[in-house]
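Enquirer: Here you go, structure_12.cif (mmCIF, C-alpha atoms):
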```
data_entry
loop_
_atom_site.label_atom_id
_atom_site.label_comp_id
_atom_site.auth_asym_id
_atom_site.auth_seq_id
_atom_site.Cartn_x
_atom_site.Cartn_y
_atom_site.Cartn_z
CA MET A 1 82.79 119.21 119.42
CA ARG A 2 85.91 118.45 117.38
CA VAL A 3 89.12 117.21 118.96
CA ALA A 4 92.24 116.79 116.81
CA ILE A 5 94.73 114.19 118.04
CA ASP A 6 98.31 113.91 116.81
CA ALA A 7 98.08 110.24 115.83
CA MET A 8 101.85 109.90 115.35
CA GLY A 9 102.95 111.35 118.71
CA GLY A 10 103.95 109.17 121.65
CA ASP A 11 105.73 105.89 122.35
CA HIS A 12 102.71 103.76 121.43
CA ALA A 13 101.36 105.73 118.47
CA PRO A 14 99.35 105.26 116.40
CA LYS A 15 97.84 102.14 118.06
CA ALA A 16 97.22 103.70 121.49
CA VAL A 17 95.78 106.82 119.84
CA VAL A 18 93.33 104.83 117.73
CA ASP A 19 92.25 102.65 120.67
CA GLY A 20 91.83 105.72 122.87
CA ALA A 21 89.81 107.51 120.19
CA LEU A 22 87.48 104.52 119.81
CA ALA A 23 86.97 104.39 123.58
CA ALA A 24 86.26 108.13 123.70
CA VAL A 25 83.62 108.20 120.95
CA THR A 26 81.95 105.20 122.55
CA GLU A 27 81.78 107.07 125.85
CA TRP A 28 80.74 110.50 124.53
CA SER A 29 78.44 110.79 121.52
CA ASP A 30 78.97 114.55 121.16
CA ILE A 31 82.67 114.15 120.31
CA GLN A 32 84.08 114.22 116.77
CA ILE A 33 87.69 113.06 116.74
CA ILE A 34 90.10 113.98 113.96
CA LEU A 35 93.11 111.65 113.86
CA VAL A 36 95.97 113.57 112.26
CA GLY A 37 98.75 111.46 110.80
CA ASP A 38 99.85 109.04 108.12
CA GLU A 39 96.51 107.84 106.75
CA ALA A 40 97.67 104.35 105.78
CA ARG A 41 99.29 103.67 109.17
CA VAL A 42 96.33 105.05 111.11
CA LYS A 43 93.79 103.05 109.07
CA ALA A 44 95.85 99.89 109.57
CA GLU A 45 95.42 100.16 113.36
CA PHE A 46 91.65 99.81 113.03
CA GLY A 47 92.18 96.34 111.59
CA SER A 48 88.83 94.68 110.98
CA ARG A 49 87.02 97.29 113.08
CA ALA A 50 84.83 99.74 111.18
CA ILE A 51 85.81 103.40 111.50
CA PRO A 52 82.91 105.13 113.30
CA ALA A 53 81.20 108.10 111.69
CA ASN A 54 82.50 110.40 114.45
CA ILE A 55 86.16 109.57 113.76
CA THR A 56 87.88 111.00 110.68
CA ILE A 57 91.47 110.76 109.49
CA HIS A 58 93.26 113.90 108.35
CA HIS A 59 96.33 112.89 106.37
CA ALA A 60 99.65 114.37 107.49
CA PRO A 61 102.60 112.65 105.80
CA ASP A 62 105.31 113.80 108.23
CA SER A 63 105.93 113.66 111.98
CA ILE A 64 108.28 115.14 114.57
CA ALA A 65 110.56 112.74 116.45
CA ALA A 66 111.18 112.96 120.20
CA ASP A 67 114.84 113.95 119.73
CA GLU A 68 114.35 116.70 117.12
CA GLU A 69 115.13 120.34 117.90
CA PRO A 70 111.65 121.81 118.53
CA VAL A 71 111.75 125.19 116.78
CA LYS A 72 113.55 123.92 113.68
CA ALA A 73 111.23 120.92 113.40
CA VAL A 74 108.05 122.99 113.66
CA ARG A 75 109.29 125.61 111.19
CA ARG A 76 110.56 123.10 108.62
CA LYS A 77 107.96 120.34 108.90
CA LYS A 78 104.78 122.12 107.87
CA ASP A 79 103.08 118.78 107.16
CA ALA A 80 104.02 117.12 110.45
CA SER A 81 101.01 115.65 112.29
CA MET A 82 101.51 117.87 115.34
CA VAL A 83 101.80 121.06 113.28
CA VAL A 84 98.77 120.17 111.15
CA ALA A 85 96.71 119.52 114.29
CA GLY A 86 97.71 122.94 115.62
CA ARG A 87 96.72 124.52 112.33
CA LEU A 88 93.27 122.89 112.55
CA VAL A 89 92.79 124.58 115.94
CA ARG A 90 94.00 127.96 114.69
CA GLU A 91 91.71 127.82 111.66
CA GLY A 92 88.67 126.79 113.71
CA GLN A 93 88.41 123.30 112.21
CA ALA A 94 89.06 121.76 115.63
CA ASP A 95 88.10 122.96 119.12
CA ALA A 96 91.11 121.34 120.80
CA MET A 97 94.23 119.32 120.08
CA ILE A 98 96.03 116.55 121.95
CA SER A 99 99.56 115.23 121.45
CA ALA A 100 101.87 112.85 123.30
CA GLY A 101 104.78 113.85 121.08
CA ASN A 102 107.88 116.03 121.55
CA THR A 103 107.05 118.42 124.43
CA GLY A 104 109.22 121.26 123.15
CA ALA A 105 107.76 120.93 119.67
CA LEU A 106 104.21 121.02 121.07
CA MET A 107 104.98 124.20 123.02
CA THR A 108 106.48 125.70 119.86
CA THR A 109 103.40 124.64 117.90
CA GLY A 110 101.23 126.30 120.50
CA LEU A 111 103.18 129.55 120.28
CA LEU A 112 103.95 129.75 116.55
CA VAL A 113 100.98 127.94 115.02
CA VAL A 114 98.03 128.35 117.40
CA GLY A 115 99.24 131.61 118.98
CA ARG A 116 99.16 133.15 122.47
CA ILE A 117 96.21 134.71 124.23
CA LYS A 118 96.56 138.49 124.10
CA GLY A 119 98.08 139.71 127.35
CA ILE A 120 99.79 136.42 128.25
CA ASP A 121 103.55 136.86 128.37
CA ARG A 122 104.46 133.17 128.58
CA PRO A 123 102.21 130.10 128.36
CA ALA A 124 102.59 127.46 131.07
CA LEU A 125 102.60 123.67 131.01
CA ALA A 126 100.25 122.51 133.75
CA PRO A 127 100.27 118.77 134.56
CA MET A 128 98.13 117.36 137.35
CA ILE A 129 100.27 116.00 140.18
CA PRO A 130 98.46 113.15 141.97
CA THR A 131 97.71 113.72 145.68
CA MET A 132 96.77 111.37 148.48
CA ASP A 133 93.14 112.51 148.46
CA GLY A 134 92.84 111.53 144.79
CA LYS A 135 91.93 115.05 143.60
CA GLY A 136 95.40 116.11 142.44
CA VAL A 137 97.07 119.49 142.32
CA LEU A 138 97.44 121.43 139.07
CA ALA A 139 101.05 122.60 138.98
CA LEU A 140 102.34 125.30 136.65
CA ASP A 141 104.73 125.93 135.13
CA LEU A 142 106.43 122.52 134.97
CA GLY A 143 108.64 122.98 131.97
CA ALA A 144 107.45 125.44 129.36
CA ASN A 145 109.74 128.22 130.61
CA MET A 146 112.92 127.68 132.58
CA ASP A 147 112.90 131.28 133.83
CA ALA A 148 109.98 133.40 134.99
CA THR A 149 109.18 136.81 136.42
CA ALA A 150 106.82 137.59 139.28
CA ASP A 151 104.25 138.79 136.72
CA ASN A 152 104.54 135.42 134.94
CA LEU A 153 103.77 133.61 138.21
CA LEU A 154 100.78 135.89 138.73
CA GLN A 155 99.41 134.93 135.31
CA TYR A 156 100.07 131.24 136.03
CA ALA A 157 98.07 131.53 139.26
CA ILE A 158 95.09 133.15 137.54
CA MET A 159 95.08 130.64 134.67
CA GLY A 160 95.48 127.68 137.01
CA SER A 161 92.67 128.88 139.26
CA LEU A 162 90.34 129.31 136.28
CA TYR A 163 91.24 125.83 134.97
CA ARG A 164 90.42 124.09 138.25
CA SER A 165 87.21 126.06 138.57
CA LYS A 166 86.02 125.51 134.98
CA VAL A 167 87.30 121.98 134.31
CA ASP A 168 87.34 120.36 137.75
CA GLY A 169 84.37 122.20 139.26
CA ILE A 170 86.20 123.51 142.34
CA ALA A 171 84.27 126.56 143.50
CA ARG A 172 87.18 128.33 145.20
CA PRO A 173 90.50 126.72 144.22
CA ARG A 174 93.31 127.15 146.74
CA VAL A 175 96.42 128.57 145.11
CA GLY A 176 99.84 127.98 146.68
CA LEU A 177 103.33 129.26 145.83
CA LEU A 178 106.04 126.57 145.86
CA ASN A 179 108.73 127.69 148.28
CA VAL A 180 111.33 126.55 150.80
CA GLY A 181 109.23 127.64 153.78
CA THR A 182 105.71 128.70 154.63
CA GLU A 183 106.61 132.16 155.95
CA ALA A 184 105.74 135.06 153.64
CA MET A 185 109.30 136.39 153.36
CA LYS A 186 110.95 133.02 152.71
CA GLY A 187 112.46 132.12 149.34
CA ASN A 188 114.49 133.68 146.57
CA GLU A 189 113.98 137.05 144.92
CA LEU A 190 111.36 135.67 142.52
CA THR A 191 109.07 134.20 145.19
CA LYS A 192 109.45 137.24 147.44
CA LEU A 193 108.30 139.48 144.58
CA ALA A 194 105.50 137.13 143.56
CA TYR A 195 104.00 136.68 147.03
CA PRO A 196 102.39 140.16 147.38
CA LEU A 197 101.12 140.00 143.78
CA LEU A 198 99.34 136.72 144.49
CA GLU A 199 97.92 138.13 147.73
CA GLN A 200 96.27 140.95 145.77
CA ALA A 201 95.11 138.80 142.84
CA PRO A 202 91.47 137.71 142.30
CA ILE A 203 92.26 134.19 143.54
CA HIS A 204 92.12 132.24 146.81
CA PHE A 205 95.82 132.46 147.70
CA VAL A 206 96.82 130.27 150.66
CA GLY A 207 100.49 131.30 150.83
CA ASN A 208 103.70 129.35 150.44
CA VAL A 209 103.66 125.56 150.12
CA GLU A 210 106.71 123.37 150.74
CA ALA A 211 107.53 120.50 148.38
CA ARG A 212 107.06 117.93 151.16
CA ASP A 213 103.41 118.97 151.50
CA VAL A 214 102.44 118.87 147.81
CA LEU A 215 101.19 115.27 147.87
CA ASN A 216 99.09 116.02 150.96
CA ALA A 217 96.86 118.38 148.93
CA GLN A 218 97.76 121.64 150.68
CA CYS A 219 96.47 123.48 147.61
CA ASP A 220 94.56 122.89 144.37
CA VAL A 221 96.92 124.97 142.21
CA LEU A 222 100.68 125.10 142.73
CA VAL A 223 102.63 127.97 141.16
CA CYS A 224 106.36 127.92 140.36
CA ASP A 225 108.83 128.63 137.57
CA GLY A 226 109.46 125.93 134.97
CA PHE A 227 112.97 125.03 136.19
CA VAL A 228 111.95 124.34 139.78
CA GLY A 229 108.65 122.80 138.70
CA ASN A 230 110.23 120.32 136.32
CA ILE A 231 112.70 119.20 139.00
CA LEU A 232 109.77 118.70 141.40
CA LEU A 233 107.87 116.64 138.82
CA LYS A 234 110.82 114.43 137.89
CA SER A 235 111.70 113.92 141.57
CA LEU A 236 108.18 112.76 142.37
CA GLU A 237 108.09 110.45 139.33
CA GLY A 238 111.47 108.99 140.25
CA ALA A 239 110.53 108.47 143.90
CA ALA A 240 107.25 106.78 142.99
CA GLY A 241 109.01 104.48 140.53
CA ALA A 242 111.69 103.56 143.07
CA ILE A 243 109.11 102.83 145.78
CA PHE A 244 107.08 100.46 143.61
CA THR A 245 110.22 98.69 142.38
CA ALA A 246 111.40 98.22 145.97
CA LEU A 247 107.99 96.91 147.05
CA LYS A 248 107.92 94.42 144.19
CA THR A 249 111.38 93.14 145.17
CA GLU A 250 110.44 92.76 148.84
CA PHE A 251 107.10 91.08 148.16
CA THR A 252 108.67 88.42 145.93
CA ARG A 253 111.48 87.38 148.30
CA SER A 254 109.78 84.31 149.77
CA PHE A 255 106.56 82.34 150.02
CA PHE A 256 105.47 84.35 153.07
CA THR A 257 106.11 87.75 151.48
CA LYS A 258 104.20 86.61 148.40
CA LEU A 259 101.33 85.59 150.66
CA ALA A 260 101.43 89.01 152.33
CA ALA A 261 101.47 90.67 148.92
CA SER A 262 98.32 88.81 147.87
CA ILE A 263 96.53 90.18 150.94
CA LEU A 264 97.79 93.72 150.42
CA LYS A 265 97.32 93.75 146.64
CA PRO A 266 93.90 95.52 146.56
CA GLY A 267 95.19 98.35 148.74
CA LEU A 268 98.45 98.66 146.81
CA SER A 269 96.59 98.68 143.50
CA GLN A 270 94.38 101.51 144.75
CA PHE A 271 97.44 103.44 145.94
CA LYS A 272 99.16 102.96 142.59
CA LYS A 273 96.05 104.17 140.77
CA LYS A 274 96.20 107.43 142.75
CA LEU A 275 99.68 108.03 141.33
CA ASP A 276 98.80 106.95 137.78
CA TYR A 277 99.19 109.74 135.19
CA THR A 278 96.86 107.91 132.77
CA GLU A 279 93.91 108.74 135.03
CA HIS A 280 94.49 112.47 134.48
CA GLY A 281 94.98 112.29 130.70
CA GLY A 282 97.10 115.27 129.77
CA ALA A 283 98.61 118.58 130.79
CA PRO A 284 97.04 121.73 129.35
CA LEU A 285 99.30 124.34 127.80
CA LEU A 286 97.62 127.37 129.37
CA GLY A 287 97.92 130.78 127.77
CA ILE A 288 97.53 129.54 124.20
CA ASN A 289 94.66 130.94 122.12
CA GLY A 290 93.16 127.50 121.67
CA LEU A 291 92.97 124.37 123.79
CA VAL A 292 96.23 122.38 123.58
CA LEU A 293 96.81 119.28 125.76
CA LYS A 294 100.12 117.45 126.23
CA SER A 295 99.76 113.76 127.02
CA HIS A 296 102.57 111.74 128.59
CA GLY A 297 104.99 110.26 126.05
CA SER A 298 104.14 106.73 127.13
CA SER A 299 100.38 107.30 127.13
CA ASP A 300 98.18 104.26 126.55
CA ALA A 301 94.62 104.16 125.23
CA ASN A 302 93.19 105.03 128.65
CA ALA A 303 95.37 108.14 128.86
CA PHE A 304 94.24 109.34 125.45
CA LYS A 305 90.60 108.70 126.36
CA ASN A 306 91.00 110.74 129.54
CA ALA A 307 92.73 113.52 127.61
CA VAL A 308 89.66 113.68 125.36
CA ARG A 309 87.51 113.87 128.50
CA GLN A 310 89.58 116.82 129.71
CA ALA A 311 89.32 118.55 126.36
CA ARG A 312 85.57 118.00 126.26
CA ILE A 313 85.02 119.60 129.68
CA ALA A 314 87.38 122.51 128.94
CA VAL A 315 85.67 123.30 125.64
CA LYS A 316 82.21 123.06 127.20
CA SER A 317 83.24 125.44 129.99
CA ASP A 318 84.76 127.90 127.50
CA LEU A 319 88.08 127.85 129.34
CA VAL A 320 90.18 129.72 126.75
CA HIS A 321 87.68 132.59 126.55
CA ALA A 322 87.50 132.77 130.36
CA ILE A 323 91.30 133.10 130.62
CA SER A 324 91.37 135.68 127.84
CA THR A 325 88.64 137.75 129.50
CA GLU A 326 90.29 137.62 132.93
CA ILE A 327 93.76 138.53 131.66
CA SER A 328 92.56 141.30 129.35
CA GLY A 329 90.42 142.72 132.16
CA LYS A 330 93.42 142.73 134.48
CA ARG A 331 95.57 144.47 131.84
CA ASP A 332 92.86 147.06 131.21
CA GLY A 333 92.71 147.81 134.92
CA GLU A 334 96.44 148.36 135.29
#
```
Using structure tokens, write down the structure from this file.
Expert:
Amino acid sequence: MRVAIDAMGGDHAPKAVVDGALAAVTEWSDIQIILVGDEARVKAEFGSRAIPANITIHHAPDSIAADEEPVKAVRRKKDASMVVAGRLVREGQADAMISAGNTGALMTTGLLVVGRIKGIDRPALAPMIPTMDGKGVLALDLGANMDATADNLLQYAIMGSLYRSKVDGIARPRVGLLNVGTEAMKGNELTKLAYPLLEQAPIHFVGNVEARDVLNAQCDVLVCDGFVGNILLKSLEGAAGAIFTALKTEFTRSFFTKLAASILKPGLSQFKKKLDYTEHGGAPLLGINGLVLKSHGSSDANAFKNAVRQARIAVKSDLVHAISTEISGKRDGE
């Protein structure tokens, strides 16, 4: 199984990518990792460590910066590490690709280089939002498309349900529609149109889910448009960051609060781990005719290792083919 990683993408590249790749091939012997990037810089990160036989370096002299305009960058920089990794997937030289680089550029790479699954109108970015039970909720779309139709939400629901079934082993994933109330007729025009479509879809639809209930694992898959979804994601990230900053301030105020912190530290560490994105690895770009995973921009070695784990499971479960078959079957039946 071959996984191409954009070695130049992310805040800590290429070091975190190399360290994550080494950890992954140590963990899984059936993985062949292709590090795509500036060969000299990537090799330098190995230092005195020997490059294992199941890690290869594919030279790509260019890269796409975080602040570049996505479409222009992908079209003009044919030798950028992200674009080359996408080309390896399209040409069958890699079974999956991972990047922590420019999100917009990765989505463009997915669309223009790898290509869409036939029948998918718009691919969706599907990060895992941590939940209090530790299982997480796959939320889509959280930023690939700012606008969506009811049919788009239907496709998101089907793809998300298949992902959680194939990759996470959930026999009957619960699918919820993000809304302002739980009643069927609540919401804006989009959610009102989407609700009956989801009811009739070949999924386990549990109805509307309010934002306040997301962290309490009311569903396994959460469906929304990219504008609302991205606001939800950033709000949760901001709230979590503010809470931990406030706790740190309070627990360092005096000798007694420091003593209390030492007692509570194991529990707080476990709680923080539940909210840690590095444990989930990356967000799949569902609807692309090849497995594409977006890792967080500040991913460390552990995050890259877990992204490889995700890719490995998804490839083994034939996720892309399952989505293609389900969507094409639905279209044929219309």
Enquirer: Counting all atoms listed in the file, what is within 7 Å of range 31-34 of chain A, bar same-chain residues fewer than 3 positions away, as a count of residues only?
Expert: 13
Enquirer: Work out how far CA of Ala66 in chain A is from CA of Gly104 in chain A, in Å to one decimal.
Expert: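 A separation of 9.0 Å between them.
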Enquirer: Could you tell me, as a PyMOL selection string, exactly which residues end up selected when the PyMOL selection byres ((chain A and resi 312-318) around 12) is applied to this structure?
Expert: chain A and resi 1-4+24-25+27-33+94-98+162-169+281+284+286+289-293+305-311+319-325
Enquirer: Rounded to one decimal in Å, what is the spacing between CA of Ala73 in chain A and CA of Leu232 in chain A?
Expert: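 These atoms are spaced 28.1 Å apart.
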Enquirer: Find the residue from A:Met132, A:Asn102, A:Arg174, A:Ala301 that sits nearest to Glu68 in chain A; use only C-alpha atoms when measuring.
Expert: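 Nearest to Glu68 in chain A: A:Asn102.
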Enquirer: With the PyMOL selection byres ((chain A and resi 185-200) around 12) as the selection, what would be picked from this file? Answer as a ChimeraX atom specification, please.
Expert: /A:147-158,161,174-184,201-210,222-225,228,330
Enquirer: Expanded to explicit residues, what is the PyMOL selection byres ((chain A and resi 113-123) around 8) for this file, as a list in words?
Expert: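 So the PyMOL selection byres ((chain A and resi 113-123) around 8), applied here, picks out Val83, Gly86, Arg87, Val89, Arg90, Thr108, Thr109, Gly110, Leu111, Leu112, Ala124, Leu125, Ala144, Asn145, Asn152, Gln155, Leu285, Leu286, Gly287, Ile288, Asn289, Gly290, Ser324, Ile327, Ser328 and Arg331 of chain A.
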Enquirer: Could you complete range 144-164 of chain A so that it carries N, CA, C and O atoms, and give it back as an mmCIF file, in the coordinates of the input?
Expert:
```cif
data_model
loop_
_atom_site.group_PDB
_atom_site.id
_atom_site.type_symbol
_atom_site.label_atom_id
_atom_site.label_comp_id
_atom_site.auth_asym_id
_atom_site.auth_seq_id
_atom_site.Cartn_x
_atom_site.Cartn_y
_atom_site.Cartn_z
ATOM 1 N N ALA A 144 107.543 124.634 130.583
ATOM 2 C CA ALA A 144 107.450 125.440 129.360
ATOM 3 C C ALA A 144 108.484 126.547 129.338
ATOM 4 O O ALA A 144 109.036 126.885 128.294
ATOM 5 N N ASN A 145 108.770 127.126 130.512
ATOM 6 C CA ASN A 145 109.740 128.220 130.610
ATOM 7 C C ASN A 145 110.677 127.968 131.774
ATOM 8 O O ASN A 145 110.225 127.795 132.906
ATOM 9 N N MET A 146 111.963 127.937 131.515
ATOM 10 C CA MET A 146 112.920 127.680 132.580
ATOM 11 C C MET A 146 113.058 128.878 133.528
ATOM 12 O O MET A 146 113.404 128.742 134.690
ATOM 13 N N ASP A 147 112.820 130.070 133.019
ATOM 14 C CA ASP A 147 112.900 131.280 133.830
ATOM 15 C C ASP A 147 111.545 131.963 133.842
ATOM 16 O O ASP A 147 110.767 131.837 132.902
ATOM 17 N N ALA A 148 111.263 132.708 134.888
ATOM 18 C CA ALA A 148 109.980 133.400 134.990
ATOM 19 C C ALA A 148 110.140 134.662 135.818
ATOM 20 O O ALA A 148 111.061 134.783 136.627
ATOM 21 N N THR A 149 109.232 135.598 135.613
ATOM 22 C CA THR A 149 109.180 136.810 136.420
ATOM 23 C C THR A 149 108.012 136.676 137.394
ATOM 24 O O THR A 149 107.174 135.774 137.275
ATOM 25 N N ALA A 150 107.931 137.598 138.333
ATOM 26 C CA ALA A 150 106.820 137.590 139.280
ATOM 27 C C ALA A 150 105.486 137.765 138.555
ATOM 28 O O ALA A 150 104.481 137.154 138.923
ATOM 29 N N ASP A 151 105.481 138.608 137.507
ATOM 30 C CA ASP A 151 104.250 138.790 136.720
ATOM 31 C C ASP A 151 103.840 137.504 136.021
ATOM 32 O O ASP A 151 102.650 137.214 135.881
ATOM 33 N N ASN A 152 104.836 136.716 135.552
ATOM 34 C CA ASN A 152 104.540 135.420 134.940
ATOM 35 C C ASN A 152 103.841 134.508 135.951
ATOM 36 O O ASN A 152 102.829 133.864 135.634
ATOM 37 N N LEU A 153 104.361 134.468 137.175
ATOM 38 C CA LEU A 153 103.770 133.610 138.210
ATOM 39 C C LEU A 153 102.348 134.053 138.535
ATOM 40 O O LEU A 153 101.481 133.216 138.811
ATOM 41 N N LEU A 154 102.120 135.372 138.507
ATOM 42 C CA LEU A 154 100.780 135.890 138.730
ATOM 43 C C LEU A 154 99.818 135.376 137.652
ATOM 44 O O LEU A 154 98.701 134.929 137.954
ATOM 45 N N GLN A 155 100.248 135.424 136.400
ATOM 46 C CA GLN A 155 99.410 134.930 135.310
ATOM 47 C C GLN A 155 99.179 133.422 135.438
ATOM 48 O O GLN A 155 98.073 132.931 135.182
ATOM 49 N N TYR A 156 100.225 132.680 135.828
ATOM 50 C CA TYR A 156 100.070 131.240 136.030
ATOM 51 C C TYR A 156 98.986 130.973 137.077
ATOM 52 O O TYR A 156 98.150 130.073 136.920
ATOM 53 N N ALA A 157 99.025 131.733 138.167
ATOM 54 C CA ALA A 157 98.070 131.530 139.260
ATOM 55 C C ALA A 157 96.639 131.770 138.795
ATOM 56 O O ALA A 157 95.732 130.997 139.126
ATOM 57 N N ILE A 158 96.440 132.836 138.034
ATOM 58 C CA ILE A 158 95.090 133.150 137.540
ATOM 59 C C ILE A 158 94.606 132.073 136.574
ATOM 60 O O ILE A 158 93.472 131.598 136.672
ATOM 61 N N MET A 159 95.476 131.668 135.642
ATOM 62 C CA MET A 159 95.080 130.640 134.670
ATOM 63 C C MET A 159 94.812 129.305 135.351
ATOM 64 O O MET A 159 93.839 128.618 135.028
ATOM 65 N N GLY A 160 95.659 128.933 136.299
ATOM 66 C CA GLY A 160 95.480 127.680 137.010
ATOM 67 C C GLY A 160 94.202 127.649 137.826
ATOM 68 O O GLY A 160 93.485 126.644 137.863
ATOM 69 N N SER A 161 93.890 128.775 138.469
ATOM 70 C CA SER A 161 92.670 128.880 139.260
ATOM 71 C C SER A 161 91.432 128.747 138.375
ATOM 72 O O SER A 161 90.473 128.041 138.711
ATOM 73 N N LEU A 162 91.466 129.398 137.215
ATOM 74 C CA LEU A 162 90.340 129.310 136.280
ATOM 75 C C LEU A 162 90.182 127.878 135.756
ATOM 76 O O LEU A 162 89.068 127.378 135.602
ATOM 77 N N TYR A 163 91.308 127.213 135.483
ATOM 78 C CA TYR A 163 91.240 125.830 134.970
ATOM 79 C C TYR A 163 90.563 124.916 135.986
ATOM 80 O O TYR A 163 89.662 124.152 135.648
ATOM 81 N N ARG A 164 90.981 124.993 137.240
ATOM 82 C CA ARG A 164 90.420 124.090 138.250
ATOM 83 C C ARG A 164 88.950 124.408 138.526
ATOM 84 O O ARG A 164 88.163 123.515 138.839
#
```
